[in-house]
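*Asks:* To be precise about what I am sending: the file is called start_22.pdb and holds PDB, C-alpha atoms.
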```pdb
ATOM      1  CA  MET I   1     141.196 116.019  49.993
ATOM      2  CA  TRP I   2     143.621 114.321  52.378
ATOM      3  CA  TYR I   3     142.964 117.116  54.881
ATOM      4  CA  TYR I   4     139.226 116.422  54.954
ATOM      5  CA  ASN I   5     139.851 112.672  55.211
ATOM      6  CA  ILE I   6     142.055 113.226  58.225
ATOM      7  CA  MET I   7     139.451 115.517  59.819
ATOM      8  CA  ASP I   8     136.760 112.872  59.277
ATOM      9  CA  ILE I   9     138.935 110.257  60.958
ATOM     10  CA  ILE I  10     139.644 112.583  63.896
ATOM     11  CA  ASN I  11     135.942 113.403  64.252
ATOM     12  CA  GLU I  12     135.062 109.698  64.182
ATOM     13  CA  ILE I  13     137.609 108.976  66.901
ATOM     14  CA  ASN I  14     136.291 111.876  68.972
ATOM     15  CA  GLN I  15     132.728 110.547  68.715
ATOM     16  CA  LYS I  16     133.819 107.036  69.753
ATOM     17  CA  ILE I  17     135.649 108.341  72.807
ATOM     18  CA  ALA I  18     132.741 110.673  73.629
ATOM     19  CA  GLY I  19     130.250 107.790  73.504
ATOM     20  CA  ASN I  20     132.462 105.637  75.713
ATOM     21  CA  ILE I  21     132.922 108.393  78.300
ATOM     22  CA  VAL I  22     129.152 108.955  78.464
ATOM     23  CA  PHE I  23     128.449 105.227  78.777
ATOM     24  CA  TYR I  24     131.032 104.430  81.457
ATOM     25  CA  ARG I  25     130.213 107.602  83.414
ATOM     26  CA  LYS I  26     126.528 106.641  83.562
ATOM     27  CA  GLN I  27     127.421 103.047  84.343
ATOM     28  CA  ALA I  28     129.438 104.332  87.311
ATOM     29  CA  GLY I  29     126.433 106.404  88.444
ATOM     30  CA  MET I  30     128.218 109.745  88.113
ATOM     31  CA  THR I  31     127.061 113.112  86.848
ATOM     32  CA  GLN I  32     129.272 115.279  84.678
ATOM     33  CA  ALA I  33     130.001 117.482  87.686
ATOM     34  CA  GLU I  34     131.020 114.488  89.831
ATOM     35  CA  LEU I  35     133.331 113.139  87.142
ATOM     36  CA  ALA I  36     134.843 116.593  86.645
ATOM     37  CA  GLU I  37     135.506 116.882  90.381
ATOM     38  CA  LYS I  38     137.241 113.498  90.534
ATOM     39  CA  ILE I  39     139.631 114.274  87.653
ATOM     40  CA  ASN I  40     140.125 117.944  88.621
ATOM     41  CA  TYR I  41     138.481 119.417  85.540
ATOM     42  CA  SER I  42     135.425 121.622  85.051
ATOM     43  CA  ASP I  43     132.063 120.126  84.099
ATOM     44  CA  LYS I  44     132.248 122.237  80.914
ATOM     45  CA  SER I  45     135.328 120.264  79.845
ATOM     46  CA  VAL I  46     133.530 116.965  80.469
ATOM     47  CA  SER I  47     130.524 118.245  78.519
ATOM     48  CA  LYS I  48     132.815 119.222  75.634
ATOM     49  CA  TRP I  49     134.420 115.776  75.570
ATOM     50  CA  GLU I  50     131.059 114.011  75.688
ATOM     51  CA  SER I  51     129.755 116.094  72.801
ATOM     52  CA  GLY I  52     132.759 115.070  70.671
ATOM     53  CA  ASN I  53     134.201 118.582  70.415
ATOM     54  CA  GLY I  54     137.508 117.465  71.833
ATOM     55  CA  VAL I  55     139.213 114.617  73.670
ATOM     56  CA  PRO I  56     141.067 114.477  76.984
ATOM     57  CA  ASP I  57     144.799 114.009  77.058
ATOM     58  CA  VAL I  58     146.289 110.582  77.701
ATOM     59  CA  TYR I  59     146.841 111.256  81.404
ATOM     60  CA  THR I  60     143.176 112.214  81.862
ATOM     61  CA  LEU I  61     142.025 109.179  79.873
ATOM     62  CA  MET I  62     144.119 106.988  82.170
ATOM     63  CA  GLN I  63     142.524 108.675  85.161
ATOM     64  CA  MET I  64     139.031 107.991  83.845
ATOM     65  CA  ALA I  65     139.906 104.398  82.934
ATOM     66  CA  LYS I  66     141.075 103.801  86.502
ATOM     67  CA  LEU I  67     138.001 105.549  87.866
ATOM     68  CA  PHE I  68     135.606 103.493  85.711
ATOM     69  CA  LYS I  69     137.626 100.316  86.391
ATOM     70  CA  VAL I  70     138.132  99.599  82.701
ATOM     71  CA  SER I  71     141.150  99.468  80.430
ATOM     72  CA  LEU I  72     142.322 102.392  78.352
ATOM     73  CA  ASN I  73     141.433 100.371  75.266
ATOM     74  CA  ASP I  74     137.834 100.050  76.499
ATOM     75  CA  LEU I  75     137.653 103.805  76.840
ATOM     76  CA  VAL I  76     138.881 104.558  73.323
ATOM     77  CA  GLY I  77     137.599 101.439  71.524
ATOM     78  CA  GLU I  78     134.205 100.214  70.314
ATOM     79  CA  LYS I  79     132.916  97.922  73.050
ATOM     80  CA  THR I  80     130.006  99.843  74.520
ATOM     81  CA  ALA I  81     127.101  98.734  72.308
ATOM     82  CA  PRO I  82     126.980  95.054  73.369
ATOM     83  CA  THR I  83     127.370  96.053  77.003
ATOM     84  CA  VAL I  84     124.504  98.549  76.765
ATOM     85  CA  VAL I  85     122.216  95.926  75.239
ATOM     86  CA  LYS I  86     123.235  93.407  77.893
ATOM     87  CA  GLU I  87     122.614  95.900  80.697
ATOM     88  CA  GLN I  88     119.188  96.811  79.318
ATOM     89  CA  ARG I  89     118.240  93.144  79.026
ATOM     90  CA  THR I  90     119.416  92.477  82.577
ATOM     91  CA  LYS I  91     117.366  95.345  84.001
ATOM     92  CA  GLY I  92     114.341  94.242  81.987
ATOM     93  CA  LEU I  93     114.688  90.693  83.328
ATOM     94  CA  GLU I  94     115.035  91.950  86.906
ATOM     95  CA  THR I  95     111.918  94.092  86.522
ATOM     96  CA  LEU I  96     110.004  91.128  85.107
ATOM     97  CA  ILE I  97     111.094  88.915  88.022
ATOM     98  CA  MET I  98     109.900  91.520  90.545
ATOM     99  CA  LEU I  99     106.548  91.935  88.793
ATOM    100  CA  LEU I 100     105.976  88.185  88.538
ATOM    101  CA  SER I 101     106.925  87.632  92.192
ATOM    102  CA  SER I 102     104.599  90.406  93.349
ATOM    103  CA  GLY I 103     101.840  89.037  91.119
ATOM    104  CA  ILE I 104     102.192  85.571  92.659
ATOM    105  CA  ILE I 105     101.879  87.021  96.164
ATOM    106  CA  TRP I 106      98.695  88.881  95.263
ATOM    107  CA  LEU I 107      97.314  85.801  93.512
ATOM    108  CA  VAL I 108      97.848  83.704  96.645
ATOM    109  CA  ALA I 109      96.175  86.408  98.740
ATOM    110  CA  THR I 110      93.191  86.476  96.383
ATOM    111  CA  CYS I 111      92.860  82.680  96.612
ATOM    112  CA  PHE I 112      92.880  82.890 100.413
ATOM    113  CA  PHE I 113      90.259  85.624 100.339
ATOM    114  CA  VAL I 114      87.948  83.665  98.023
ATOM    115  CA  ALA I 115      88.384  80.458 100.060
ATOM    116  CA  LEU I 116      87.651  82.193 103.364
ATOM    117  CA  GLN I 117      84.620  83.943 101.898
ATOM    118  CA  LEU I 118      83.242  80.608 100.674
ATOM    119  CA  VAL I 119      84.002  78.604 103.817
ATOM    120  CA  MET I 120      83.297  81.194 106.507
ATOM    121  CA  PRO I 121      81.387  84.097 104.971
ATOM    122  CA  GLY I 122      80.932  87.012 107.322
ATOM    123  CA  ALA I 123      82.919  85.371 110.131
ATOM    124  CA  ALA I 124      85.561  88.085 109.955
ATOM    125  CA  PRO I 125      86.591  91.011 107.750
ATOM    126  CA  TRP I 126      88.424  88.806 105.269
ATOM    127  CA  TRP I 127      89.187  91.791 103.034
ATOM    128  CA  MET I 128      92.039  92.491 105.454
ATOM    129  CA  VAL I 129      93.947  89.704 103.725
ATOM    130  CA  PHE I 130      94.816  92.248 101.056
ATOM    131  CA  ILE I 131      96.071  94.648 103.736
ATOM    132  CA  TYR I 132      98.428  91.979 105.084
ATOM    133  CA  VAL I 133      99.828  91.404 101.606
ATOM    134  CA  VAL I 134     101.156  94.958 101.318
ATOM    135  CA  PRO I 135     103.964  94.635 103.939
ATOM    136  CA  VAL I 136     104.778  91.125 102.674
ATOM    137  CA  ASN I 137     105.163  92.457  99.143
ATOM    138  CA  ALA I 138     107.243  95.355 100.456
ATOM    139  CA  ILE I 139     109.639  92.926 102.175
ATOM    140  CA  LEU I 140     110.009  90.985  98.929
ATOM    141  CA  LEU I 141     110.838  94.168  97.002
ATOM    142  CA  ILE I 142     113.347  95.195  99.679
ATOM    143  CA  VAL I 143     115.165  91.894  99.186
ATOM    144  CA  PHE I 144     115.294  92.410  95.419
ATOM    145  CA  ALA I 145     116.302  96.069  95.783
ATOM    146  CA  CYS I 146     119.175  95.178  98.115
ATOM    147  CA  ALA I 147     120.337  92.334  95.871
ATOM    148  CA  TRP I 148     120.286  94.451  92.700
ATOM    149  CA  LYS I 149     121.207  97.796  94.337
ATOM    150  CA  TYR I 150     118.047  99.726  93.394
ATOM    151  CA  ARG I 151     118.298 102.545  95.925
ATOM    152  CA  LEU I 152     115.084 104.360  95.038
ATOM    153  CA  LEU I 153     113.063 101.147  95.067
ATOM    154  CA  ASN I 154     114.640 100.229  98.388
ATOM    155  CA  PHE I 155     113.647 103.572  99.919
ATOM    156  CA  ILE I 156     110.070 103.352  98.611
ATOM    157  CA  SER I 157     109.711  99.735  99.745
ATOM    158  CA  VAL I 158     110.983 100.433 103.263
ATOM    159  CA  THR I 159     108.623 103.404 103.548
ATOM    160  CA  THR I 160     105.732 101.241 102.354
ATOM    161  CA  LEU I 161     106.685  98.533 104.846
ATOM    162  CA  ILE I 162     106.727 100.975 107.770
ATOM    163  CA  TRP I 163     103.317 102.506 107.147
ATOM    164  CA  SER I 164     101.555  99.378 105.877
ATOM    165  CA  ALA I 165     102.743  97.452 108.948
ATOM    166  CA  LEU I 166     101.295 100.164 111.190
ATOM    167  CA  VAL I 167      98.013 100.125 109.246
ATOM    168  CA  THR I 168      97.888  96.339 109.539
ATOM    169  CA  PHE I 169      98.499  96.510 113.297
ATOM    170  CA  PHE I 170      95.833  99.189 113.709
ATOM    171  CA  LEU I 171      93.159  97.371 111.693
ATOM    172  CA  THR I 172      93.904  94.048 113.386
ATOM    173  CA  GLY I 173      93.715  95.617 116.839
ATOM    174  CA  ARG I 174      90.501  97.409 115.898
ATOM    175  CA  ALA I 175      88.901  94.207 114.610
ATOM    176  CA  LEU I 176      89.868  92.318 117.765
ATOM    177  CA  ALA I 177      88.622  95.133 119.978
ATOM    178  CA  ILE I 178      85.244  95.176 118.224
ATOM    179  CA  ALA I 179      84.951  91.397 118.480
ATOM    180  CA  LYS I 180      85.852  91.352 122.197
ATOM    181  CA  GLY I 181      84.032  94.546 123.101
ATOM    182  CA  TRP I 182      87.210  96.345 124.133
ATOM    183  CA  VAL I 183      87.853 100.072 123.964
ATOM    184  CA  TYR I 184      90.245 101.041 121.154
ATOM    185  CA  ARG I 185      90.144 104.840 121.234
ATOM    186  CA  GLY I 186      93.894 105.243 121.741
ATOM    187  CA  LEU I 187      94.839 102.665 119.150
ATOM    188  CA  TRP I 188      95.516 105.375 116.564
ATOM    189  CA  THR I 189      98.651 106.361 118.498
ATOM    190  CA  VAL I 190     100.520 103.476 116.854
ATOM    191  CA  PHE I 191     100.835 105.733 113.812
ATOM    192  CA  LEU I 192     103.068 108.021 115.861
ATOM    193  CA  LEU I 193     105.742 105.336 115.577
ATOM    194  CA  GLY I 194     105.851 105.931 111.855
ATOM    195  CA  ALA I 195     107.348 109.410 112.184
ATOM    196  CA  PRO I 196     110.608 108.451 113.992
ATOM    197  CA  LEU I 197     110.942 105.314 111.861
ATOM    198  CA  GLN I 198     110.646 107.393 108.692
ATOM    199  CA  VAL I 199     113.181 109.909 110.005
ATOM    200  CA  LEU I 200     115.592 107.074 110.855
ATOM    201  CA  GLU I 201     115.259 105.709 107.346
ATOM    202  CA  ILE I 202     116.001 109.113 105.798
ATOM    203  CA  LEU I 203     119.009 109.579 108.091
ATOM    204  CA  TRP I 204     120.287 106.124 107.189
ATOM    205  CA  VAL I 205     120.013 106.878 103.468
ATOM    206  CA  PHE I 206     121.818 110.194 103.978
ATOM    207  CA  PHE I 207     124.547 108.548 106.067
ATOM    208  CA  ARG I 208     125.029 105.724 103.539
ATOM    209  CA  THR I 209     125.209 108.175 100.625
ATOM    210  CA  SER I 210     127.744 110.360 102.455
ATOM    211  CA  LEU I 211     129.835 107.317 103.356
ATOM    212  CA  GLN I 212     129.869 106.071  99.760
ATOM    213  CA  HIS I 213     130.744 109.554  98.484
ATOM    214  CA  ARG I 214     133.711 109.741 100.870
ATOM    215  CA  LYS I 215     134.797 106.257  99.859
ATOM    216  CA  HIS I 216     134.690 107.155  96.158
ATOM    217  CA  LYS I 217     136.579 110.364  96.887
ATOM    218  CA  ARG I 218     139.337 108.489  98.728
ATOM    219  CA  LEU I 219     139.536 105.933  95.935
ATOM    220  CA  SER I 220     139.754 108.636  93.286
ATOM    221  CA  VAL I 221     142.588 110.373  95.167
ATOM    222  CA  ASN I 222     144.486 107.085  95.534
ATOM    223  CA  GLU I 223     143.928 106.204  91.883
ATOM    224  CA  ALA I 224     145.067 109.649  90.764
ATOM    225  CA  THR I 225     148.227 109.216  92.862
ATOM    226  CA  GLU I 226     148.882 105.802  91.334
ATOM    227  CA  ILE I 227     148.385 107.187  87.825
ATOM    228  CA  ALA I 228     150.705 110.107  88.527
ATOM    229  CA  GLU I 229     153.366 107.717  89.839
ATOM    230  CA  THR I 230     152.937 105.497  86.755
ATOM    231  CA  VAL I 231     153.212 108.458  84.396
ATOM    232  CA  ASN I 232     156.273 109.790  86.231
ATOM    233  CA  THR I 233     157.890 106.344  86.061
ATOM    234  CA  GLU I 234     157.183 106.051  82.329
ATOM    235  CA  ASP I 235     158.524 109.569  81.743
ATOM    236  CA  GLY I 236     161.677 108.642  83.643
ATOM    237  CA  GLU I 237     162.120 105.501  81.580
ATOM    238  CA  VAL I 238     161.670 107.493  78.369
ATOM    239  CA  GLU I 239     164.231 110.064  79.489
ATOM    240  CA  SER I 240     166.667 107.294  80.440
ATOM    241  CA  ALA I 241     166.186 105.663  77.061
ATOM    242  CA  LYS I 242     166.849 108.986  75.328
ATOM    243  CA  ASP I 243     170.000 109.533  77.364
ATOM    244  CA  GLY I 244     171.142 106.028  76.545
ATOM    245  CA  ASN I 245     170.572 106.559  72.839
ATOM    246  CA  GLU I 246     172.501 109.789  72.944
TER     247      GLU I 246
END
```
Please render this file's structure as structure tokens.

*Replies:*
Amino acid sequence: MWYYNIMDIINEINQKIAGNIVFYRKQAGMTQAELAEKINYSDKSVSKWESGNGVPDVYTLMQMAKLFKVSLNDLVGEKTAPTVVKEQRTKGLETLIMLLSSGIIWLVATCFFVALQLVMPGAAPWWMVFIYVVPVNAILLIVFACAWKYRLLNFISVTTLIWSALVTFFLTGRALAIAKGWVYRGLWTVFLLGAPLQVLEILWVFFRTSLQHRKHKRLSVNEATEIAETVNTEDGEVESAKDGNE
């Protein structure tokens, strides 16, 4: 009976550590392969730990704690649930703020459109008000994405800003040309600017990702060195204590 009780306790501990590793790895934005590379293990080992079929040794747990910027107690204790709930609530609040802000912008644009249609109906293509709102909304989302580090949203918003700004410029120039009787046949060439701008954005994202990857790699090497020095120091102290006792 005592054997099964001990096995249950070990399994419970394994599951706690597995849940913490999964949580802190995802919080750090790492895949199993990336974590395995940083601690010099295979992704199969990480998968085994996260499934609760085993636990890393103390040295590896210290490595991961340093990598995740948490204490060893956080990694082996029961502190993930409140943090998960808090993170989910924070993301939900941020999403709500973005939706409300975008909704306010479109509401203001709709009010302008209705007012212009009532005051000066047919004086101009007032429907273009909604076209102007698109780049404005994109700028707002870029600000939020940069503040809250939403990379995908940032990329989509910048792309939307580039092409919506070009569409706005084209439609405005076309409307002015029609009103003044000018020729606007070559106005479509403004869209050619979108191609190099889009390429520059992609290159910037690639460069930023590569730079962050190198930074994390350097940090992981330095942290591993610090951990190794700490472990060696502790081992030396233990050996000295043993010699003293003898």

*Asks:* What gap, in Å, lies between atom CA of Thr189 of chain I and atom CA of Thr168 of chain I?

*Replies:*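 These atoms are spaced 13.5 Å apart.
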
*Asks:* From the set I:Ser42, I:Gln27, I:Ser157, I:Asn20, which residue has the shortest atom-to-atom contact distance to Val76 of chain I, counting only C-alpha atoms?

*Replies:* I:Asn20

*Asks:* I'd like to know which of I:Asn137, I:Asn154, I:Thr172, I:Gln198 is closest to Val108 of chain I, using all atoms listed in the file.

*Replies:*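 That would be I:Asn137, the residue with the smallest distance to Val108 of chain I.
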
*Asks:* Measuring between all atoms listed in the file, which one of I:Glu50, I:Lys44, I:Asn73, I:Ile39 shows the shortest distance to Phe23 of chain I?

*Replies:*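 Of I:Glu50, I:Lys44, I:Asn73, I:Ile39, the one nearest Phe23 of chain I is I:Glu50, counting all atoms listed in the file.
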
*Asks:* Using all atoms listed in the file and a cutoff of 8 Å, can you tell me which residues are near (96.1, 100.5, 119.4) in the file's coordinates, and write them out as number ranges by chain?

*Replies:* I: 169-170, 173-174, 184-190

*Asks:* Evaluate the PyMOL selection byres ((chain I and resi 133) around 12) here and jot the selected residues down as a JSON list (two decimals) with C-alpha atoms, in the coordinates of the input.

*Replies:*
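Final file, out-v7.json:
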```json
[["chain", "number", "residue", "atom", "x", "y", "z"],
["I", 102, "SER", "CA", 104.60, 90.41, 93.35],
["I", 103, "GLY", "CA", 101.84, 89.04, 91.12],
["I", 104, "ILE", "CA", 102.19, 85.57, 92.66],
["I", 105, "ILE", "CA", 101.88, 87.02, 96.16],
["I", 106, "TRP", "CA", 98.70, 88.88, 95.26],
["I", 107, "LEU", "CA", 97.31, 85.80, 93.51],
["I", 108, "VAL", "CA", 97.85, 83.70, 96.64],
["I", 109, "ALA", "CA", 96.18, 86.41, 98.74],
["I", 110, "THR", "CA", 93.19, 86.48, 96.38],
["I", 112, "PHE", "CA", 92.88, 82.89, 100.41],
["I", 113, "PHE", "CA", 90.26, 85.62, 100.34],
["I", 127, "TRP", "CA", 89.19, 91.79, 103.03],
["I", 128, "MET", "CA", 92.04, 92.49, 105.45],
["I", 129, "VAL", "CA", 93.95, 89.70, 103.72],
["I", 130, "PHE", "CA", 94.82, 92.25, 101.06],
["I", 131, "ILE", "CA", 96.07, 94.65, 103.74],
["I", 132, "TYR", "CA", 98.43, 91.98, 105.08],
["I", 134, "VAL", "CA", 101.16, 94.96, 101.32],
["I", 135, "PRO", "CA", 103.96, 94.64, 103.94],
["I", 136, "VAL", "CA", 104.78, 91.12, 102.67],
["I", 137, "ASN", "CA", 105.16, 92.46, 99.14],
["I", 138, "ALA", "CA", 107.24, 95.36, 100.46],
["I", 139, "ILE", "CA", 109.64, 92.93, 102.18],
["I", 140, "LEU", "CA", 110.01, 90.98, 98.93],
["I", 160, "THR", "CA", 105.73, 101.24, 102.35],
["I", 161, "LEU", "CA", 106.68, 98.53, 104.85],
["I", 164, "SER", "CA", 101.56, 99.38, 105.88],
["I", 165, "ALA", "CA", 102.74, 97.45, 108.95],
["I", 167, "VAL", "CA", 98.01, 100.12, 109.25],
["I", 168, "THR", "CA", 97.89, 96.34, 109.54]]
```

*Asks:* Assuming the input is short of atoms at segment 112-145 of chain I, produce N, CA and C atoms for that part as a compact mmCIF listing (two decimals), in the coordinates of the input.

*Replies:*
```
# COMPACT_ATOMS: atom_id res chain seq x y z
N PHE I 112 93.24 82.97 99.00
CA PHE I 112 92.88 82.89 100.41
C PHE I 112 91.57 83.62 100.69
N PHE I 113 91.47 84.83 100.12
CA PHE I 113 90.26 85.62 100.34
C PHE I 113 89.01 84.90 99.83
N VAL I 114 89.09 84.37 98.61
CA VAL I 114 87.95 83.66 98.02
C VAL I 114 87.61 82.43 98.85
N ALA I 115 88.62 81.67 99.27
CA ALA I 115 88.38 80.46 100.06
C ALA I 115 87.73 80.79 101.40
N LEU I 116 88.22 81.81 102.08
CA LEU I 116 87.65 82.19 103.36
C LEU I 116 86.23 82.71 103.21
N GLN I 117 85.97 83.44 102.14
CA GLN I 117 84.62 83.94 101.90
C GLN I 117 83.64 82.80 101.63
N LEU I 118 84.11 81.75 100.98
CA LEU I 118 83.24 80.61 100.67
C LEU I 118 83.03 79.72 101.89
N VAL I 119 84.09 79.51 102.66
CA VAL I 119 84.00 78.60 103.82
C VAL I 119 83.37 79.28 105.02
N MET I 120 83.80 80.48 105.32
CA MET I 120 83.30 81.19 106.51
C MET I 120 82.87 82.62 106.14
N PRO I 121 81.82 82.75 105.38
CA PRO I 121 81.39 84.10 104.97
C PRO I 121 80.89 84.92 106.15
N GLY I 122 81.39 86.11 106.26
CA GLY I 122 80.93 87.01 107.32
C GLY I 122 81.49 86.72 108.69
N ALA I 123 82.36 85.70 108.82
CA ALA I 123 82.92 85.37 110.13
C ALA I 123 83.95 86.40 110.58
N ALA I 124 84.54 87.08 109.65
CA ALA I 124 85.56 88.08 109.96
C ALA I 124 85.73 88.97 108.73
N PRO I 125 86.33 90.14 108.92
CA PRO I 125 86.59 91.01 107.75
C PRO I 125 87.73 90.45 106.90
N TRP I 126 87.40 89.49 106.05
CA TRP I 126 88.42 88.81 105.27
C TRP I 126 89.13 89.72 104.26
N TRP I 127 88.54 90.87 103.96
CA TRP I 127 89.19 91.79 103.03
C TRP I 127 90.54 92.27 103.56
N MET I 128 90.76 92.08 104.87
CA MET I 128 92.04 92.49 105.45
C MET I 128 93.21 91.64 104.96
N VAL I 129 92.88 90.52 104.31
CA VAL I 129 93.95 89.70 103.72
C VAL I 129 94.79 90.54 102.77
N PHE I 130 94.10 91.41 102.02
CA PHE I 130 94.82 92.25 101.06
C PHE I 130 95.67 93.31 101.76
N ILE I 131 95.26 93.70 102.96
CA ILE I 131 96.07 94.65 103.74
C ILE I 131 97.36 93.97 104.21
N TYR I 132 97.25 92.70 104.62
CA TYR I 132 98.43 91.98 105.08
C TYR I 132 99.44 91.74 103.96
N VAL I 133 98.94 91.68 102.73
CA VAL I 133 99.83 91.40 101.61
C VAL I 133 100.79 92.56 101.34
N VAL I 134 100.35 93.78 101.65
CA VAL I 134 101.16 94.96 101.32
C VAL I 134 102.53 94.91 102.00
N PRO I 135 102.62 94.71 103.34
CA PRO I 135 103.96 94.64 103.94
C PRO I 135 104.77 93.42 103.46
N VAL I 136 104.06 92.31 103.18
CA VAL I 136 104.78 91.12 102.67
C VAL I 136 105.41 91.44 101.32
N ASN I 137 104.64 92.08 100.45
CA ASN I 137 105.16 92.46 99.14
C ASN I 137 106.31 93.46 99.27
N ALA I 138 106.18 94.37 100.24
CA ALA I 138 107.24 95.36 100.46
C ALA I 138 108.54 94.68 100.88
N ILE I 139 108.44 93.66 101.74
CA ILE I 139 109.64 92.93 102.18
C ILE I 139 110.30 92.24 100.99
N LEU I 140 109.47 91.64 100.12
CA LEU I 140 110.01 90.98 98.93
C LEU I 140 110.77 91.97 98.05
N LEU I 141 110.19 93.16 97.84
CA LEU I 141 110.84 94.17 97.00
C LEU I 141 112.11 94.70 97.65
N ILE I 142 112.13 94.77 98.98
CA ILE I 142 113.35 95.20 99.68
C ILE I 142 114.48 94.21 99.42
N VAL I 143 114.15 92.92 99.44
CA VAL I 143 115.16 91.89 99.19
C VAL I 143 115.73 92.05 97.77
N PHE I 144 114.84 92.23 96.79
CA PHE I 144 115.29 92.41 95.42
C PHE I 144 116.10 93.70 95.27
N ALA I 145 115.62 94.78 95.90
CA ALA I 145 116.30 96.07 95.78
C ALA I 145 117.70 96.01 96.38
```
